[in-house]
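Colleague: Next comes start-v2.cif, mmCIF, C-alpha atoms (C1' of nucleotides):
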data_coords
loop_
_atom_site.group_PDB
_atom_site.id
_atom_site.type_symbol
_atom_site.label_atom_id
_atom_site.label_comp_id
_atom_site.auth_asym_id
_atom_site.auth_seq_id
_atom_site.Cartn_x
_atom_site.Cartn_y
_atom_site.Cartn_z
ATOM 1 C CA MET A 2 35.943 -16.332 -12.756
ATOM 2 C CA LYS A 3 35.599 -19.447 -14.860
ATOM 3 C CA PRO A 4 32.537 -19.563 -17.074
ATOM 4 C CA ASP A 5 31.221 -22.636 -15.290
ATOM 5 C CA HIS A 6 32.222 -21.547 -11.825
ATOM 6 C CA PRO A 7 29.667 -22.701 -9.237
ATOM 7 C CA ALA A 8 29.022 -19.104 -8.181
ATOM 8 C CA ARG A 9 27.988 -18.401 -11.744
ATOM 9 C CA THR A 10 25.028 -20.713 -11.284
ATOM 10 C CA ARG A 11 23.942 -19.024 -8.075
ATOM 11 C CA GLU A 12 24.127 -15.632 -9.725
ATOM 12 C CA CYS A 13 21.931 -16.792 -12.572
ATOM 13 C CA GLN A 14 19.406 -18.069 -10.098
ATOM 14 C CA THR A 15 19.423 -14.709 -8.388
ATOM 15 C CA VAL A 16 18.607 -13.105 -11.699
ATOM 16 C CA SER A 17 15.970 -15.704 -12.342
ATOM 17 C CA GLU A 18 14.307 -14.938 -9.056
ATOM 18 C CA LEU A 19 14.285 -11.227 -9.756
ATOM 19 C CA LEU A 20 12.760 -11.864 -13.147
ATOM 20 C CA SER A 21 10.162 -14.117 -11.600
ATOM 21 C CA ARG A 22 9.047 -11.250 -9.424
ATOM 22 C CA ILE A 23 9.091 -8.314 -11.812
ATOM 23 C CA GLY A 24 8.373 -10.556 -14.794
ATOM 24 C CA ASP A 25 4.782 -11.095 -13.795
ATOM 25 C CA LYS A 26 1.914 -9.598 -15.684
ATOM 26 C CA TRP A 27 1.812 -6.152 -14.092
ATOM 27 C CA SER A 28 4.843 -5.250 -11.955
ATOM 28 C CA VAL A 29 6.806 -3.485 -14.649
ATOM 29 C CA LEU A 30 3.824 -1.452 -15.741
ATOM 30 C CA VAL A 31 3.211 -0.364 -12.170
ATOM 31 C CA VAL A 32 6.831 0.565 -11.549
ATOM 32 C CA ALA A 33 7.010 2.411 -14.848
ATOM 33 C CA SER A 34 3.812 4.266 -14.075
ATOM 34 C CA LEU A 35 5.224 5.384 -10.763
ATOM 35 C CA GLY A 36 8.475 6.341 -12.463
ATOM 36 C CA GLU A 37 7.371 9.919 -13.000
ATOM 37 C CA GLY A 38 5.934 10.544 -9.567
ATOM 38 C CA ALA A 39 3.640 9.339 -6.816
ATOM 39 C CA LEU A 40 0.150 8.194 -7.699
ATOM 40 C CA ARG A 41 -2.967 7.218 -5.833
ATOM 41 C CA PHE A 42 -4.590 3.810 -6.148
ATOM 42 C CA SER A 43 -7.354 4.931 -8.477
ATOM 43 C CA ALA A 44 -5.015 6.998 -10.582
ATOM 44 C CA LEU A 45 -2.761 3.982 -11.008
ATOM 45 C CA ARG A 46 -5.667 1.814 -11.935
ATOM 46 C CA ARG A 47 -6.938 4.284 -14.503
ATOM 47 C CA ARG A 48 -3.499 4.671 -15.948
ATOM 48 C CA ILE A 49 -2.708 1.010 -16.361
ATOM 49 C CA ASN A 50 -5.857 0.295 -18.224
ATOM 50 C CA GLY A 51 -6.480 -3.460 -18.069
ATOM 51 C CA ILE A 52 -5.574 -4.268 -14.517
ATOM 52 C CA SER A 53 -8.137 -5.474 -12.003
ATOM 53 C CA GLN A 54 -8.214 -3.940 -8.559
ATOM 54 C CA LYS A 55 -7.261 -7.274 -7.091
ATOM 55 C CA MET A 56 -4.129 -7.569 -9.185
ATOM 56 C CA LEU A 57 -3.207 -3.950 -8.599
ATOM 57 C CA THR A 58 -3.423 -4.530 -4.866
ATOM 58 C CA THR A 59 -1.481 -7.764 -5.070
ATOM 59 C CA THR A 60 1.193 -6.251 -7.283
ATOM 60 C CA LEU A 61 1.581 -3.175 -5.080
ATOM 61 C CA ARG A 62 1.861 -5.323 -1.950
ATOM 62 C CA SER A 63 4.543 -7.418 -3.567
ATOM 63 C CA LEU A 64 6.472 -4.354 -4.716
ATOM 64 C CA GLU A 65 6.135 -2.830 -1.268
ATOM 65 C CA ARG A 66 7.390 -6.014 0.327
ATOM 66 C CA ASP A 67 10.462 -6.045 -1.871
ATOM 67 C CA GLY A 68 11.170 -2.414 -1.025
ATOM 68 C CA PHE A 69 10.420 -0.953 -4.447
ATOM 69 C CA VAL A 70 7.475 1.224 -3.457
ATOM 70 C CA THR A 71 6.166 2.928 -0.333
ATOM 71 C CA ARG A 72 2.532 3.088 0.674
ATOM 72 C CA THR A 73 1.267 6.199 2.431
ATOM 73 C CA VAL A 74 -2.231 6.420 3.899
ATOM 74 C CA PHE A 75 -3.876 9.813 4.359
ATOM 75 C CA PRO A 76 -6.621 9.467 6.977
ATOM 76 C CA THR A 77 -9.080 11.644 5.129
ATOM 77 C CA THR A 78 -12.653 10.551 4.484
ATOM 78 C CA PRO A 79 -12.722 8.696 2.318
ATOM 79 C CA VAL A 80 -9.214 7.403 2.632
ATOM 80 C CA GLN A 81 -6.470 8.324 0.238
ATOM 81 C CA VAL A 82 -3.488 6.071 -0.388
ATOM 82 C CA GLU A 83 -0.463 7.214 -2.264
ATOM 83 C CA TYR A 84 2.177 4.984 -3.801
ATOM 84 C CA GLN A 85 5.665 6.111 -4.589
ATOM 85 C CA LEU A 86 8.904 4.552 -5.754
ATOM 86 C CA THR A 87 11.640 4.140 -3.177
ATOM 87 C CA GLU A 88 15.215 4.889 -4.074
ATOM 88 C CA LEU A 89 15.642 1.163 -4.700
ATOM 89 C CA GLY A 90 12.636 1.286 -7.004
ATOM 90 C CA ARG A 91 13.983 4.232 -8.960
ATOM 91 C CA ASP A 92 17.301 2.449 -9.127
ATOM 92 C CA LEU A 93 15.627 -0.591 -10.603
ATOM 93 C CA LEU A 94 14.226 1.574 -13.373
ATOM 94 C CA CYS A 95 17.677 1.893 -14.946
ATOM 95 C CA PRO A 96 18.364 -1.719 -15.936
ATOM 96 C CA VAL A 97 14.681 -2.210 -16.651
ATOM 97 C CA GLY A 98 14.811 0.816 -18.902
ATOM 98 C CA ALA A 99 17.715 -0.731 -20.788
ATOM 99 C CA LEU A 100 15.714 -3.886 -21.266
ATOM 100 C CA ALA A 101 12.774 -1.769 -22.338
ATOM 101 C CA GLU A 102 14.789 -0.053 -25.036
ATOM 102 C CA TRP A 103 16.037 -3.384 -26.246
ATOM 103 C CA ALA A 104 12.517 -4.779 -26.396
ATOM 104 C CA ILE A 105 11.275 -1.806 -28.372
ATOM 105 C CA ARG A 106 14.201 -1.828 -30.784
ATOM 106 C CA ASN A 107 14.041 -5.570 -31.417
ATOM 107 C CA GLN A 108 10.326 -6.196 -31.280
ATOM 108 C CA ALA A 109 10.112 -6.468 -35.058
ATOM 109 C CA ARG A 110 12.917 -9.036 -35.170
ATOM 110 C CA VAL A 111 11.216 -11.206 -32.580
ATOM 111 C CA ASP A 112 7.875 -10.963 -34.314
ATOM 112 C CA ALA A 113 9.456 -11.864 -37.637
ATOM 113 C CA ALA A 114 11.218 -14.881 -36.131
ATOM 114 C CA ARG A 115 7.993 -16.004 -34.574
ATOM 115 C CA GLU A 116 5.994 -15.725 -37.758
ATOM 116 C CA LYS A 117 8.644 -17.625 -39.661
ATOM 117 C CA PHE A 118 8.693 -20.362 -37.046
ATOM 118 C CA ASP A 119 4.942 -20.689 -37.019
ATOM 119 C CA ARG A 120 4.689 -20.803 -40.795
ATOM 120 C CA LYS A 121 7.334 -23.504 -40.978
ATOM 121 C CA ASN A 122 6.345 -25.764 -38.103
ATOM 122 C CA LYS A 123 2.649 -25.586 -37.443
ATOM 123 C CA PRO A 124 0.323 -24.423 -40.151
ATOM 124 C CA ALA A 125 -2.055 -27.035 -38.716
ATOM 125 C CA THR A 126 -2.340 -25.645 -35.205
ATOM 126 C CA GLN A 127 -5.217 -23.473 -36.297
ATOM 127 C CA ARG A 128 -8.285 -23.960 -34.189
ATOM 128 C CA PRO A 129 -11.466 -25.078 -35.947
ATOM 129 C CA ALA A 130 -12.863 -21.880 -34.391
ATOM 130 C CA VAL A 131 -16.270 -23.520 -34.002
ATOM 131 C CA PRO A 132 -16.614 -27.331 -34.013
ATOM 132 C CA LEU A 133 -20.028 -26.964 -35.637
ATOM 133 C CA ASN A 134 -23.154 -27.826 -33.790
ATOM 134 C CA VAL A 135 -22.203 -31.472 -33.333
ATOM 135 C CA MET B 12 7.510 12.684 -25.811
ATOM 136 C CA LYS B 13 5.143 13.492 -22.982
ATOM 137 C CA PRO B 14 5.378 11.169 -20.004
ATOM 138 C CA ASP B 15 1.790 10.059 -20.462
ATOM 139 C CA HIS B 16 1.887 9.899 -24.210
ATOM 140 C CA PRO B 17 -0.229 7.012 -25.542
ATOM 141 C CA ALA B 18 2.808 5.453 -27.217
ATOM 142 C CA ARG B 19 4.411 5.272 -23.808
ATOM 143 C CA THR B 20 1.781 2.791 -22.749
ATOM 144 C CA ARG B 21 2.298 0.611 -25.792
ATOM 145 C CA GLU B 22 6.038 0.578 -25.196
ATOM 146 C CA CYS B 23 5.540 -0.539 -21.627
ATOM 147 C CA GLN B 24 3.321 -3.327 -22.795
ATOM 148 C CA THR B 25 6.011 -4.406 -25.223
ATOM 149 C CA VAL B 26 8.426 -4.608 -22.336
ATOM 150 C CA SER B 27 5.879 -6.459 -20.267
ATOM 151 C CA GLU B 28 5.466 -9.017 -22.991
ATOM 152 C CA LEU B 29 9.193 -9.550 -23.282
ATOM 153 C CA LEU B 30 9.437 -9.991 -19.556
ATOM 154 C CA SER B 31 6.566 -12.440 -19.619
ATOM 155 C CA ARG B 32 8.516 -14.589 -22.013
ATOM 156 C CA ILE B 33 12.004 -14.468 -20.600
ATOM 157 C CA GLY B 34 10.716 -13.951 -17.071
ATOM 158 C CA ASP B 35 9.524 -17.509 -16.765
ATOM 159 C CA LYS B 36 11.225 -20.022 -14.575
ATOM 160 C CA TRP B 37 13.983 -21.190 -16.901
ATOM 161 C CA SER B 38 14.505 -19.034 -20.003
ATOM 162 C CA VAL B 39 17.201 -16.823 -18.564
ATOM 163 C CA LEU B 40 19.115 -19.757 -17.195
ATOM 164 C CA VAL B 41 19.018 -21.462 -20.568
ATOM 165 C CA VAL B 42 20.097 -18.355 -22.453
ATOM 166 C CA ALA B 43 22.869 -17.707 -19.949
ATOM 167 C CA SER B 44 24.039 -21.298 -20.180
ATOM 168 C CA LEU B 45 24.266 -20.997 -23.937
ATOM 169 C CA GLY B 46 26.046 -17.679 -23.610
ATOM 170 C CA GLU B 47 29.450 -19.271 -23.707
ATOM 171 C CA GLY B 48 28.857 -21.620 -26.599
ATOM 172 C CA ALA B 49 26.643 -24.278 -28.128
ATOM 173 C CA LEU B 50 25.432 -27.141 -25.970
ATOM 174 C CA ARG B 51 23.605 -30.385 -26.498
ATOM 175 C CA PHE B 52 20.297 -31.161 -24.854
ATOM 176 C CA SER B 53 21.736 -33.419 -22.174
ATOM 177 C CA ALA B 54 24.583 -31.052 -21.446
ATOM 178 C CA LEU B 55 22.118 -28.235 -20.949
ATOM 179 C CA ARG B 56 20.007 -30.344 -18.692
ATOM 180 C CA ARG B 57 22.973 -31.368 -16.575
ATOM 181 C CA ARG B 58 24.174 -27.802 -16.362
ATOM 182 C CA ILE B 59 20.908 -26.269 -15.281
ATOM 183 C CA ASN B 60 20.418 -28.640 -12.439
ATOM 184 C CA GLY B 61 16.754 -28.615 -11.452
ATOM 185 C CA ILE B 62 15.041 -28.493 -14.807
ATOM 186 C CA SER B 63 12.837 -31.307 -16.057
ATOM 187 C CA GLN B 64 13.242 -32.519 -19.607
ATOM 188 C CA LYS B 65 9.750 -31.328 -20.389
ATOM 189 C CA MET B 66 10.465 -27.781 -19.300
ATOM 190 C CA LEU B 67 13.836 -27.760 -21.025
ATOM 191 C CA THR B 68 12.134 -28.790 -24.250
ATOM 192 C CA THR B 69 9.345 -26.273 -23.799
ATOM 193 C CA THR B 70 11.747 -23.466 -22.957
ATOM 194 C CA LEU B 71 14.020 -24.242 -25.892
ATOM 195 C CA ARG B 72 11.082 -24.379 -28.303
ATOM 196 C CA SER B 73 9.899 -21.024 -27.079
ATOM 197 C CA LEU B 74 13.350 -19.497 -27.388
ATOM 198 C CA GLU B 75 13.715 -20.984 -30.844
ATOM 199 C CA ARG B 76 10.373 -19.581 -31.884
ATOM 200 C CA ASP B 77 11.343 -16.114 -30.761
ATOM 201 C CA GLY B 78 14.608 -16.346 -32.656
ATOM 202 C CA PHE B 79 16.933 -16.487 -29.664
ATOM 203 C CA VAL B 80 18.386 -19.948 -30.251
ATOM 204 C CA THR B 81 18.924 -22.299 -33.156
ATOM 205 C CA ARG B 82 18.342 -26.032 -33.055
ATOM 206 C CA THR B 83 20.609 -28.286 -35.070
ATOM 207 C CA VAL B 84 19.965 -32.012 -35.411
ATOM 208 C CA PHE B 85 22.858 -34.343 -36.190
ATOM 209 C CA PRO B 86 21.417 -37.542 -37.695
ATOM 210 C CA THR B 87 23.761 -39.835 -35.834
ATOM 211 C CA THR B 88 22.496 -42.840 -33.902
ATOM 212 C CA PRO B 89 21.360 -41.985 -31.410
ATOM 213 C CA VAL B 90 20.482 -38.467 -32.419
ATOM 214 C CA GLN B 91 22.391 -35.448 -31.268
ATOM 215 C CA VAL B 92 20.795 -32.049 -31.011
ATOM 216 C CA GLU B 93 22.794 -28.908 -30.494
ATOM 217 C CA TYR B 94 21.449 -25.591 -29.299
ATOM 218 C CA GLN B 95 23.141 -22.288 -29.912
ATOM 219 C CA LEU B 96 22.375 -18.622 -29.430
ATOM 220 C CA THR B 97 21.527 -16.604 -32.497
ATOM 221 C CA GLU B 98 22.892 -13.112 -32.936
ATOM 222 C CA LEU B 99 19.609 -11.855 -31.526
ATOM 223 C CA GLY B 100 20.072 -14.137 -28.559
ATOM 224 C CA ARG B 101 23.598 -12.930 -27.883
ATOM 225 C CA ASP B 102 22.328 -9.404 -28.273
ATOM 226 C CA LEU B 103 19.704 -10.046 -25.645
ATOM 227 C CA LEU B 104 22.428 -11.073 -23.235
ATOM 228 C CA CYS B 105 23.574 -7.463 -22.868
ATOM 229 C CA PRO B 106 20.517 -5.883 -21.242
ATOM 230 C CA VAL B 107 19.872 -9.102 -19.378
ATOM 231 C CA GLY B 108 23.422 -8.960 -18.106
ATOM 232 C CA ALA B 109 22.818 -5.443 -16.838
ATOM 233 C CA LEU B 110 19.751 -6.626 -14.997
ATOM 234 C CA ALA B 111 21.778 -9.532 -13.687
ATOM 235 C CA GLU B 112 24.418 -7.249 -12.231
ATOM 236 C CA TRP B 113 21.734 -5.143 -10.639
ATOM 237 C CA ALA B 114 20.086 -8.192 -9.112
ATOM 238 C CA ILE B 115 23.364 -9.405 -7.682
ATOM 239 C CA ARG B 116 24.353 -6.020 -6.318
ATOM 240 C CA ASN B 117 20.979 -5.312 -4.741
ATOM 241 C CA GLN B 118 19.961 -8.748 -3.604
ATOM 242 C CA ALA B 119 20.772 -7.922 0.002
ATOM 243 C CA ARG B 120 18.677 -4.764 -0.080
ATOM 244 C CA VAL B 121 15.667 -6.624 -1.408
ATOM 245 C CA ASP B 122 16.057 -9.388 1.121
ATOM 246 C CA ALA B 123 16.328 -6.866 3.938
ATOM 247 C CA ALA B 124 13.217 -5.021 2.787
ATOM 248 C CA ARG B 125 11.339 -8.276 2.611
ATOM 249 C CA GLU B 126 12.344 -9.400 6.069
ATOM 250 C CA LYS B 127 11.387 -6.039 7.499
ATOM 251 C CA PHE B 128 8.016 -6.141 5.776
ATOM 252 C CA ASP B 129 7.295 -9.666 6.953
ATOM 253 C CA ARG B 130 8.277 -8.909 10.516
ATOM 254 C CA LYS B 131 6.024 -5.872 10.595
ATOM 255 C CA ASN B 132 2.952 -7.172 8.807
ATOM 256 C CA LYS B 133 2.628 -10.906 9.191
ATOM 257 C CA PRO B 134 4.355 -12.628 12.070
ATOM 258 C CA ALA B 135 1.393 -15.053 11.940
ATOM 259 C CA THR B 136 1.809 -16.310 8.410
ATOM 260 C CA GLN B 137 4.254 -18.941 9.561
ATOM 261 C CA ARG B 138 3.376 -22.435 8.446
ATOM 262 C CA PRO B 139 2.948 -25.126 11.077
ATOM 263 C CA ALA B 140 5.675 -26.933 9.127
ATOM 264 C CA VAL B 141 4.251 -30.324 10.056
ATOM 265 C CA PRO B 142 0.616 -30.678 11.150
ATOM 266 C CA LEU B 143 1.575 -33.567 13.390
ATOM 267 C CA ASN B 144 0.520 -37.104 12.582
ATOM 268 C CA VAL B 145 -3.202 -36.331 12.814
ATOM 269 C "C1'" DC C 29 19.605 -39.519 -27.034
ATOM 270 C "C1'" DG C 30 16.055 -36.257 -27.461
ATOM 271 C "C1'" DG C 31 12.103 -35.726 -27.073
ATOM 272 C "C1'" DG C 32 6.325 -36.416 -27.364
ATOM 273 C "C1'" DA C 33 1.935 -37.656 -24.767
ATOM 274 C "C1'" DT C 34 -0.586 -37.781 -20.378
ATOM 275 C "C1'" DC C 35 -1.877 -36.934 -15.892
ATOM 276 C "C1'" DC C 36 -2.058 -34.005 -12.189
ATOM 277 C "C1'" DC C 37 -1.737 -30.194 -8.938
ATOM 278 C "C1'" DG C 38 -1.012 -25.623 -7.318
ATOM 279 C "C1'" DA C 39 -0.406 -20.861 -8.518
ATOM 280 C "C1'" DC C 40 -1.868 -16.941 -11.234
ATOM 281 C "C1'" DG C 41 -5.214 -13.999 -12.399
ATOM 282 C "C1'" DG C 42 -10.124 -12.327 -13.715
ATOM 283 C "C1'" DA C 43 -15.107 -11.278 -12.042
ATOM 284 C "C1'" DT C 44 -18.048 -10.194 -8.610
ATOM 285 C "C1'" DA C 45 -19.776 -8.851 -4.138
ATOM 286 C "C1'" DC C 46 -19.013 -6.777 0.227
ATOM 287 C "C1'" DT C 47 -16.708 -3.361 3.823
ATOM 288 C "C1'" DG C 48 -14.406 0.506 6.844
ATOM 289 C "C1'" DC D 6 -11.810 5.345 -1.962
ATOM 290 C "C1'" DA D 7 -9.191 1.492 -1.280
ATOM 291 C "C1'" DG D 8 -9.317 -2.310 -0.437
ATOM 292 C "C1'" DT D 9 -10.839 -7.723 1.328
ATOM 293 C "C1'" DA D 10 -13.201 -12.154 0.408
ATOM 294 C "C1'" DT D 11 -14.803 -15.690 -2.554
ATOM 295 C "C1'" DC D 12 -15.392 -18.337 -6.573
ATOM 296 C "C1'" DC D 13 -13.593 -20.120 -10.621
ATOM 297 C "C1'" DG D 14 -11.098 -20.962 -14.953
ATOM 298 C "C1'" DT D 15 -6.572 -21.227 -17.045
ATOM 299 C "C1'" DC D 16 -1.908 -22.318 -17.256
ATOM 300 C "C1'" DG D 17 2.808 -23.353 -15.640
ATOM 301 C "C1'" DG D 18 5.344 -26.958 -14.559
ATOM 302 C "C1'" DG D 19 6.619 -31.584 -12.325
ATOM 303 C "C1'" DA D 20 6.301 -36.883 -12.779
ATOM 304 C "C1'" DT D 21 5.830 -40.707 -15.505
ATOM 305 C "C1'" DC D 22 5.662 -43.564 -19.512
ATOM 306 C "C1'" DC D 23 6.662 -44.286 -24.283
ATOM 307 C "C1'" DC D 24 8.874 -43.858 -28.992
ATOM 308 C "C1'" DG D 25 12.232 -43.366 -33.258
#
Can you give me the file's structure in the form of structure tokens?
Modeller:
Amino acid sequence: MKPDHPARTRECQTVSELLSRIGDKWSVLVVASLGEGALRFSALRRRINGISQKMLTTTLRSLERDGFVTRTVFPTTPVQVEYQLTELGRDLLCPVGALAEWAIRNQARVDAAREKFDRKNKPATQRPAVPLNV
Amino acid sequence: MKPDHPARTRECQTVSELLSRIGDKWSVLVVASLGEGALRFSALRRRINGISQKMLTTTLRSLERDGFVTRTVFPTTPVQVEYQLTELGRDLLCPVGALAEWAIRNQARVDAAREKFDRKNKPATQRPAVPLNV
DNA sequence: CGGGATCCCGACGGATACTG
DNA sequence: CAGTATCCGTCGGGATCCCG
């Protein structure tokens, strides 16, 4: 296939769309947390550490919709809800894991590049912190 | 390392942060477009197809800051600016490519899951399309 | 040509309160 | 316990105009 083949563009958009979904603030953390086994709502929330219950719900719904997790309700009192990766979800963990390794290995390089860029271009972007008491 | 080792959490956050950056609307498309060689601003904009000049600028600045692309200005009249992947940027293309392949291979599965979910849960979320001429 | 500066709007996401 | 509902601020991102 030619580098600038039309289909190439569509494929990139497909990737873009996937990244738009799992590239949000919490999806990857949720999927990774479920990577080692099923978890209940509260357990997930405790494990993820900064997530609000609203965003956990939203994220789980989205992942369920896309077929990455299943949601099982146990009609106890009070209710228990268990979340678990589907086979598609576990499958997704592979390429995401590769990206994860890359991110961990190259984090220092990115940080260094960023510092260098900031030092060079915008030493003046510093906030006055407090504009005094006018 | 234990599955719930504290460092595990930090690593996931690192991955989350990377995804937050390249998971935006255009970064991957830009990086992919530059994957086959350097391009000028206008060429990039023509190639990407729906991007505004503001977002192309913003995205390129961000990628430059993180050390993924270089920006070279040719002081002709009018100016020419060429963008090119760094070694870090080309390196990033590997895991992203893996994710890309996954997205392309499993697109149908995700779409199917989504349709199924929507049919089951929300047949009423359909928009009125056009609210008539009030 | 390659942007910078503004305006504007909708989506994302946090905080809080309430419910089955 | 596992949400839903509401309010609200922030930010992404498009449109438009201008500039060296």
Colleague: Could you give the C-alpha RMSD in Å for chain A superposed on chain B, pairing all atoms in order?
Modeller: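 When all C-alpha atoms are superposed, the deviation is 0.7 Å.
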Colleague: Given the PyMOL selection byres ((chain D) within 12 of (chain A)) and the file above, list the residues it selects as a PyMOL selection string.
Modeller: chain D and resi 6-10
Colleague: Specify as a list of chain:residue names all residues of chain B found within 7 Å of chain A, counting only C-alpha atoms.
Modeller: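 Here is what falls inside 7 Å: B:Glu22, B:Cys23, B:Thr25, B:Val26, B:Ser27, B:Leu29, B:Leu30, B:Ser31, B:Gly34, B:Asp35, B:Lys36, B:Val39, B:Leu40, B:Arg76, B:Asp77, B:Gly78, B:Pro106, B:Val107, B:Ala109, B:Leu110, B:Ala111, B:Ala114, B:Ile115, B:Val121, B:Ala124, B:Arg125, B:Phe128.
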Colleague: Could you take the residues named above and write them with C-alpha atoms, as a short mmCIF file (atom, residue, chain, number, x, y, z; two decimals), in the frame of the given file?
Modeller:
data_model
loop_
_atom_site.label_atom_id
_atom_site.label_comp_id
_atom_site.auth_asym_id
_atom_site.auth_seq_id
_atom_site.Cartn_x
_atom_site.Cartn_y
_atom_site.Cartn_z
CA GLU B 22 6.04 0.58 -25.20
CA CYS B 23 5.54 -0.54 -21.63
CA THR B 25 6.01 -4.41 -25.22
CA VAL B 26 8.43 -4.61 -22.34
CA SER B 27 5.88 -6.46 -20.27
CA LEU B 29 9.19 -9.55 -23.28
CA LEU B 30 9.44 -9.99 -19.56
CA SER B 31 6.57 -12.44 -19.62
CA GLY B 34 10.72 -13.95 -17.07
CA ASP B 35 9.52 -17.51 -16.76
CA LYS B 36 11.22 -20.02 -14.58
CA VAL B 39 17.20 -16.82 -18.56
CA LEU B 40 19.11 -19.76 -17.20
CA ARG B 76 10.37 -19.58 -31.88
CA ASP B 77 11.34 -16.11 -30.76
CA GLY B 78 14.61 -16.35 -32.66
CA PRO B 106 20.52 -5.88 -21.24
CA VAL B 107 19.87 -9.10 -19.38
CA ALA B 109 22.82 -5.44 -16.84
CA LEU B 110 19.75 -6.63 -15.00
CA ALA B 111 21.78 -9.53 -13.69
CA ALA B 114 20.09 -8.19 -9.11
CA ILE B 115 23.36 -9.40 -7.68
CA VAL B 121 15.67 -6.62 -1.41
CA ALA B 124 13.22 -5.02 2.79
CA ARG B 125 11.34 -8.28 2.61
CA PHE B 128 8.02 -6.14 5.78
#
Colleague: For the structure shown, which residues end up in the PyMOL selection byres ((chain D and resi 12) around 9)? Put them as a PDB file with C-alpha atoms (C1' of nucleotides), keeping the file's coordinate frame, please?
Modeller:
ATOM      1  C1'  DA C  43     -15.107 -11.278 -12.042  1.00  0.00           C
ATOM      2  C1'  DT C  44     -18.048 -10.194  -8.610  1.00  0.00           C
TER       3       DT C  44
ATOM      4  C1'  DT D  11     -14.803 -15.690  -2.554  1.00  0.00           C
ATOM      5  C1'  DC D  13     -13.593 -20.120 -10.621  1.00  0.00           C
TER       6       DC D  13
END
Colleague: Expressed in Å to a single decimal, how great is the separation between CA of Ala49 in chain B and CA of Phe85 in chain B?
Modeller: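 Separation between CA of Ala49 in chain B and CA of Phe85 in chain B: 13.4 Å.
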Colleague: Residue by residue, what does the PyMOL selection byres ((chain D and resi 16-21) around 10) grab here? Present the result as a ChimeraX atom specification.
Modeller: /B:35-36,62-66 /C:34-40 /D:14-15,22-23
Colleague: CA of Val80 in chain B and CA of Gln95 in chain B, how far apart in Å?
Modeller: 5.3 Å
Colleague: At a cut-off of 10 Å, which residues of chain C touch chain B? Count all atoms listed in the file and give the answer as a VMD selection string.
Modeller: chain C and resid 29 to 32
Colleague: What gap, in Å, lies between CA of Arg120 in chain A and C1' of DG25 in chain D?
Modeller: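 Distance reported for this atom pair: 25.0 Å.
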Colleague: How about completing range 59-68 of chain B with N, CA, C and O atoms and giving it to me as a PDB file, in the coordinates of the input?
Modeller:
ATOM      1  N   ILE B  59      21.909 -27.142 -15.909  1.00  0.00           N
ATOM      2  CA  ILE B  59      20.908 -26.269 -15.281  1.00  0.00           C
ATOM      3  C   ILE B  59      20.407 -26.816 -13.957  1.00  0.00           C
ATOM      4  O   ILE B  59      19.928 -26.090 -13.105  1.00  0.00           O
ATOM      5  N   ASN B  60      20.464 -28.100 -13.801  1.00  0.00           N
ATOM      6  CA  ASN B  60      20.418 -28.640 -12.439  1.00  0.00           C
ATOM      7  C   ASN B  60      19.072 -28.943 -11.818  1.00  0.00           C
ATOM      8  O   ASN B  60      18.966 -29.855 -11.047  1.00  0.00           O
ATOM      9  N   GLY B  61      18.017 -28.226 -12.082  1.00  0.00           N
ATOM     10  CA  GLY B  61      16.754 -28.615 -11.452  1.00  0.00           C
ATOM     11  C   GLY B  61      15.658 -28.757 -12.497  1.00  0.00           C
ATOM     12  O   GLY B  61      14.514 -29.057 -12.181  1.00  0.00           O
ATOM     13  N   ILE B  62      16.042 -28.575 -13.747  1.00  0.00           N
ATOM     14  CA  ILE B  62      15.041 -28.493 -14.807  1.00  0.00           C
ATOM     15  C   ILE B  62      14.617 -29.889 -15.266  1.00  0.00           C
ATOM     16  O   ILE B  62      15.437 -30.794 -15.341  1.00  0.00           O
ATOM     17  N   SER B  63      13.333 -30.040 -15.523  1.00  0.00           N
ATOM     18  CA  SER B  63      12.837 -31.307 -16.057  1.00  0.00           C
ATOM     19  C   SER B  63      13.035 -31.303 -17.569  1.00  0.00           C
ATOM     20  O   SER B  63      13.182 -30.248 -18.186  1.00  0.00           O
ATOM     21  N   GLN B  64      13.023 -32.482 -18.164  1.00  0.00           N
ATOM     22  CA  GLN B  64      13.242 -32.519 -19.607  1.00  0.00           C
ATOM     23  C   GLN B  64      12.089 -31.871 -20.344  1.00  0.00           C
ATOM     24  O   GLN B  64      12.269 -31.273 -21.385  1.00  0.00           O
ATOM     25  N   LYS B  65      10.903 -31.972 -19.761  1.00  0.00           N
ATOM     26  CA  LYS B  65       9.750 -31.328 -20.389  1.00  0.00           C
ATOM     27  C   LYS B  65       9.934 -29.819 -20.459  1.00  0.00           C
ATOM     28  O   LYS B  65       9.732 -29.205 -21.506  1.00  0.00           O
ATOM     29  N   MET B  66      10.328 -29.226 -19.327  1.00  0.00           N
ATOM     30  CA  MET B  66      10.465 -27.781 -19.300  1.00  0.00           C
ATOM     31  C   MET B  66      11.649 -27.313 -20.122  1.00  0.00           C
ATOM     32  O   MET B  66      11.612 -26.235 -20.726  1.00  0.00           O
ATOM     33  N   LEU B  67      12.713 -28.132 -20.169  1.00  0.00           N
ATOM     34  CA  LEU B  67      13.836 -27.760 -21.025  1.00  0.00           C
ATOM     35  C   LEU B  67      13.393 -27.740 -22.478  1.00  0.00           C
ATOM     36  O   LEU B  67      13.687 -26.791 -23.227  1.00  0.00           O
ATOM     37  N   THR B  68      12.662 -28.756 -22.882  1.00  0.00           N
ATOM     38  CA  THR B  68      12.134 -28.790 -24.250  1.00  0.00           C
ATOM     39  C   THR B  68      11.235 -27.595 -24.514  1.00  0.00           C
ATOM     40  O   THR B  68      11.404 -26.871 -25.506  1.00  0.00           O
TER      41      THR B  68
END
